[in-house]
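Contents: one structure, followed by commentary.
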Number of protein chains: 2
Amino acid sequence: MSGSAPQTMNLPVDLNAIRAAHQCIRPQIHRTPVFTSESLDKLTGAKLYFKCENLQKTGSFKFRGATNAVFSLTDEEAARGVVTQSSGNHGAAISLAARRRGIPAWIVMPRTAPRAKRLAVEAYGGRVTECEHDIASRDAACKSLQEKTGAILIHPYNNERVIAGQGTAALELLEEIPDLDIIITPVSGGGLLSGTAIASKSLRSSIRVVGAEPKNADDAFRSLAAGRIEPAAKTITIADGLRATLCPLTFSILRTCVDEIALIAEEEILSTMKLLWERLKLIVEPSGAVSAGIVFEKKIQAEGKRIGIVLSGGNLDLDHIPFSRSS
Amino acid sequence: MSGSAPQTMNLPVDLNAIRAAHQCIRPQIHRTPVFTSESLDKLTGAKLYFKCENLQKTGSFKFRGATNAVFSLTDEEAARGVVTQSSGNHGAAISLAARRRGIPAWIVMPRTAPRAKRLAVEAYGGRVTECEHDIASRDAACKSLQEKTGAILIHPYNNERVIAGQGTAALELLEEIPDLDIIITPVSGGGLLSGTAIASKSLRSSIRVVGAEPKNADDAFRSLAAGRIEPAAKTITIADGLRATLCPLTFSILRTCVDEIALIAEEEILSTMKLLWERLKLIVEPSGAVSAGIVFEKKIQAEGKRIGIVLSGGNLDLDHIPFSRSS
């Protein structure tokens with residue numbers, strides 16, 4: 001796909017939708033800062049621009065898509081409340097967006113979700129319903145809640161308004177740094193990467209859009225290579241936000257306007273995370289570090305390039321920091 | 001002292017010196033951002049403005065004073081190089097400031113200093129000379145280096161240009177948020193608190209200037225209470241940047257224009273640090289957390305107040321994060 005003009009105009013989400021999303025969510029979100037680091041530039045030979053979505057409200061970019069979806073509902077729809085399934089950042093994001101709209105949010109979480117994440121959801125006013133860990137149980141719990149409450153389902157990424165919202169981070173980044181050669185985000189279900197690709201290719205057709213994915217959860221890589229959605233890997237990654245698989249909507253967008261999916265090993269995610277903490281003085285979660293990791297670990301040709309890197313989130317259990325030994 | 005008009009005009013450093021320092025260092029430093037947090041405001045009942053000197057070059061405010069001192073030297077003086085003693089942030093700051101001026105920097109460090117700090121100094125081009133841990137050995141090593149090389153000593157805080165440089169953080173903060181009721185910085189040797197007090201009281205005479213100090217290193221508290229410089233405590237604090245004692249210069253400034261020194265316990269420093277990491281997604285070192293800690297831990301009357309908090313630094317050993325257990 002590299003080098004070919006993208007057909008973003010035929011996609012179900014376009015630049016206008018992303019601009020409209022930005023208009024809608026702007027009063028609710030942080031316009032996150034763009035960090036630079038002389039030492040990391042020197043280390044990589046590139047010019048790096050870090051879009052700090054770890055500093056977004058609720059600690060991740062998910063608040064953009066969630067807010068766009070929740071605030072795009074009609075008053076009648078909104079009055080029914082919203083429901084979603086998430087063991088992580090999307091649940092917190094939907095909870096806060098709903099609270100701000102003044103409507104209830106039901107969040108289906110697996111019984112095994114970390115206590116910290118459940119507490120975060122509850123702190124933002126989300127009502128947690130527990131389910132078993134498997135996808136069937138989650139779907140069933142969601143469906144049952146929808147039936148019982150009439151709430152509207154807001155899927156974490158199989159939703160055009162969520163995708164348009166996630167695209168606003170790239171929109172802001174390219175407004176500030178228009179002449180990027182490359183833009184990189186992590187890929188899981190593909191919502192962030194889809195929105196980023198559409199915004200970026202529409203604003204700057206020459207830009208190279210790269211998804212970063214853990215080797216241990218390489219289903220997006222395999223899916224784009226095979227030309228069909230491949231199942232999730234059975235292995236486990238420390239990047240707990242990147243375990244979802246593409247849906248037909250995100251798959252169709254990524255096929256059209258993503259140039260490459262680059263993979264990164266577990267130990268490389270950890271060392272990247274530590275380097276970001278050390279040099280940027282920012283808390284970035286493992287899932288948020290993979291996009292920087294493919295540059296630090298030379299998975300792509302970065303030298304001499306101007307590269308936008310979305311640091312997607314900063315939520316993790318600070319009682320158990322994976323690279324810290326007891327002192 | 002509370003409520004009385006400060007006599008900042010009789011002090012050896014005044015607002016003009018701080019403005020001149022800002023002019024001098026502006027091309028070299030980061031204008032650090034001011035962070036806010038709805039959740040921390042809610043928690044404390046105050047409106048908090050965090051001046052993020054952990055995001056300053058070299059990871060602490062020390063780069064301001066070091067740069068002002070190094071760049072204020074005449075060409076003849078500068079050609080001789082600079083020397084200082086520091087086991088921490090001042091050494092790194094002097095090293096980078098000297099490299100930018102194109103002159104050598106000799107840093108006297110105790111043999112027992114953490115390897116990470118030595119590596120940081122060397123990464124910025126500082127030449128490390130080891131000495132024993134006691135003050136006499138440090139002084140002797142400094143003196144011997146000065147004699148051998150002709151280098152100019154830049155003391156970490158017993159230096160008017162260093163103090164003027166440190167005052168520029170408060171200058172920037174009050175430019176952005178002019179109507180603060182209280183401003184808080186940590187206190188160790190007193191350079192940052194001195195510069196902050198002079199800038200703040202000069203720009204806004206009604207502001208309350210508070211120093212934050214670990215209970216385990218409460219010599220500034222005891223010195224201001226006794227009206228004379230008291231020796232350092234023998235106990236140890238996790239806030240490794242706050243173990244120095246006042247000098248006559250900083251003592252005289254603090255007596256005149258600091259309203260209060262508030263103390264904080266070790267476990268409170270730790271929980272504050274963790275809360276800052278969690279809510280601001282910023283790496284703040286223990287010494288940098290004490291100023292926020294006296295608000296979080298209700299050591300001062302904060303409710304309803306607009307409070308500027310200087311997060312002074314973000315350098316610590318990420319392999320041994322004190323609140324993280326092995327996972």
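Ordered as shown in the structure tokens, chains take letters A, B, and onward, while each chain numbers its residues from 1 and ligands are numbered from 1 in the order shown.
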
Selection: 12 Å around B:Gly81, only C-alpha atoms, excl. self and same-chain fewer than 4 positions, as a PyMOL selection string: chain B and resi 69-71+73-77+94-95+97-99+101-107+126-127+145-146+148-154

Store the residues picked out above, limited to C-alpha atoms, as a CSV table (one decimal), in the first residue's frame.
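Ended up saving to selection_9.csv:
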```csv
chain,number,residue,atom,x,y,z
B,69,ALA,CA,25.5,31.3,36.9
B,70,VAL,CA,27.5,29.8,34.0
B,71,PHE,CA,26.2,32.2,31.4
B,73,LEU,CA,30.5,34.5,33.7
B,74,THR,CA,32.7,36.8,31.6
B,75,ASP,CA,34.5,35.1,28.7
B,76,GLU,CA,37.7,35.2,30.7
B,77,GLU,CA,36.2,33.6,33.7
B,94,ILE,CA,26.1,22.5,35.9
B,95,SER,CA,27.4,19.9,33.5
B,97,ALA,CA,25.1,24.4,31.3
B,98,ALA,CA,28.8,24.3,31.0
B,99,ARG,CA,28.6,22.1,27.9
B,101,ARG,CA,28.7,27.4,27.1
B,102,GLY,CA,31.5,25.2,25.7
B,103,ILE,CA,33.5,25.1,28.9
B,104,PRO,CA,34.6,22.2,31.1
B,105,ALA,CA,32.8,21.4,34.3
B,106,TRP,CA,34.3,19.4,37.2
B,107,ILE,CA,31.8,17.8,39.6
B,126,GLY,CA,30.7,16.7,33.5
B,127,ARG,CA,34.0,15.4,34.7
B,145,LEU,CA,40.4,21.1,41.8
B,146,GLN,CA,40.0,24.9,41.9
B,148,LYS,CA,44.7,22.8,40.0
B,149,THR,CA,42.4,24.0,37.2
B,150,GLY,CA,41.7,27.6,38.0
B,151,ALA,CA,38.0,26.8,37.6
B,152,ILE,CA,35.3,29.0,39.1
B,153,LEU,CA,33.3,27.5,42.0
B,154,ILE,CA,29.5,27.6,41.5
```

Long-range neighbours of stretch 128-144 of chain B as a PyMOL selection string, 9 Å cut-off, only C-alpha atoms, 5 positions minimum in chain: chain B and resi 83-86+105-113+118+121-122+149+153

Test item: chain B residues at most 8 Å from chain A, counting only C-alpha atoms, as a PyMOL selection string: chain B and resi 54-55+59+274+277-278+280-284+314-315+318-327

Alpha helix (DSSP H) positions in stretch 52-218 of chain B, given as JSON, numbers by chain: {"B": [62, 63, 64, 65, 66, 67, 68, 69, 70, 71, 75, 76, 77, 78, 79, 89, 90, 91, 92, 93, 94, 95, 96, 97, 98, 99, 100, 101, 115, 116, 117, 118, 119, 120, 121, 122, 123, 135, 136, 137, 138, 139, 140, 141, 142, 143, 144, 145, 146, 147, 148, 149, 160, 161, 162, 163, 164, 165, 166, 168, 169, 170, 171, 172, 173, 174, 175, 176, 191, 192, 193, 194, 195, 196, 197, 198, 199, 200, 201, 202, 203]}

Spatial neighbours of B:Val34, 8 Å, only C-alpha atoms, chain gap at least 3 places, as a list in words: Tyr49, Phe50, Lys51, Cys52 and Leu173 of chain B

Backbone-only DSSP, strand (DSSP E) members of stretch 215-264 of chain B, as a count of residues only: 5

For stretch 240-253 of chain B: contacts at 10 Å, only C-alpha atoms, fewer than 6 positions along chain excluded, given as a count of residues only: 56

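For the choices A:Glu53, A:Val82, A:Arg255, A:Cys24, the atom-to-atom distance to A:Ala170 is smallest for A:Glu53 when using only C-alpha atoms.
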
Between atom CA of B:Ser60 and atom CA of B:Val162, distance in Å (one decimal):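 Taking atom CA of B:Ser60 and atom CA of B:Val162, their separation equals 13.6 Å.
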
Close residues, B:Asn16 itself excluded, 12 Å, only C-alpha atoms, min 6 positions apart in chain, as number ranges by chain: B: 8-9, 22-23, 161, 164-165, 167-168, 171, 195, 198-199, 202-203

Output N, CA and C atoms for every residue in that selection, as a PDB file, in the first residue's frame.
```pdb
ATOM      1  N   THR B   8      11.931  43.048  50.526  1.00  0.00           N
ATOM      2  CA  THR B   8      12.754  42.387  49.516  1.00  0.00           C
ATOM      3  C   THR B   8      13.778  43.334  48.901  1.00  0.00           C
ATOM      4  N   MET B   9      13.503  44.638  49.015  1.00  0.00           N
ATOM      5  CA  MET B   9      14.443  45.566  48.348  1.00  0.00           C
ATOM      6  C   MET B   9      15.787  45.645  49.058  1.00  0.00           C
ATOM      7  N   HIS B  22      16.155  35.673  34.020  1.00  0.00           N
ATOM      8  CA  HIS B  22      15.218  35.065  33.071  1.00  0.00           C
ATOM      9  C   HIS B  22      15.600  35.429  31.640  1.00  0.00           C
ATOM     10  N   GLN B  23      15.940  36.687  31.457  1.00  0.00           N
ATOM     11  CA  GLN B  23      16.389  37.151  30.144  1.00  0.00           C
ATOM     12  C   GLN B  23      17.592  36.328  29.672  1.00  0.00           C
ATOM     13  N   ARG B 161      23.632  34.498  41.910  1.00  0.00           N
ATOM     14  CA  ARG B 161      23.121  34.249  40.555  1.00  0.00           C
ATOM     15  C   ARG B 161      22.370  32.926  40.466  1.00  0.00           C
ATOM     16  N   ALA B 164      18.971  33.824  41.927  1.00  0.00           N
ATOM     17  CA  ALA B 164      18.180  34.590  40.951  1.00  0.00           C
ATOM     18  C   ALA B 164      17.632  33.662  39.875  1.00  0.00           C
ATOM     19  N   GLY B 165      18.450  32.721  39.425  1.00  0.00           N
ATOM     20  CA  GLY B 165      17.996  31.761  38.419  1.00  0.00           C
ATOM     21  C   GLY B 165      16.848  30.905  38.936  1.00  0.00           C
ATOM     22  N   GLY B 167      14.697  31.676  41.050  1.00  0.00           N
ATOM     23  CA  GLY B 167      13.494  32.491  41.185  1.00  0.00           C
ATOM     24  C   GLY B 167      12.686  32.618  39.904  1.00  0.00           C
ATOM     25  N   THR B 168      13.287  32.223  38.780  1.00  0.00           N
ATOM     26  CA  THR B 168      12.570  32.412  37.509  1.00  0.00           C
ATOM     27  C   THR B 168      11.395  31.439  37.342  1.00  0.00           C
ATOM     28  N   LEU B 171       8.599  33.296  38.810  1.00  0.00           N
ATOM     29  CA  LEU B 171       8.304  34.407  37.892  1.00  0.00           C
ATOM     30  C   LEU B 171       7.383  33.932  36.766  1.00  0.00           C
ATOM     31  N   GLY B 195      14.759  32.277  45.976  1.00  0.00           N
ATOM     32  CA  GLY B 195      14.413  32.913  44.712  1.00  0.00           C
ATOM     33  C   GLY B 195      12.908  33.020  44.539  1.00  0.00           C
ATOM     34  N   ILE B 198      11.476  35.829  46.879  1.00  0.00           N
ATOM     35  CA  ILE B 198      11.765  37.184  46.400  1.00  0.00           C
ATOM     36  C   ILE B 198      10.876  37.522  45.203  1.00  0.00           C
ATOM     37  N   ALA B 199      10.814  36.594  44.238  1.00  0.00           N
ATOM     38  CA  ALA B 199       9.981  36.849  43.063  1.00  0.00           C
ATOM     39  C   ALA B 199       8.520  37.017  43.473  1.00  0.00           C
ATOM     40  N   SER B 202       7.655  40.141  45.676  1.00  0.00           N
ATOM     41  CA  SER B 202       7.823  41.378  44.904  1.00  0.00           C
ATOM     42  C   SER B 202       6.660  41.573  43.942  1.00  0.00           C
ATOM     43  N   LEU B 203       6.187  40.480  43.355  1.00  0.00           N
ATOM     44  CA  LEU B 203       5.129  40.586  42.360  1.00  0.00           C
ATOM     45  C   LEU B 203       3.750  40.663  43.005  1.00  0.00           C
TER      46      LEU B 203
END
```
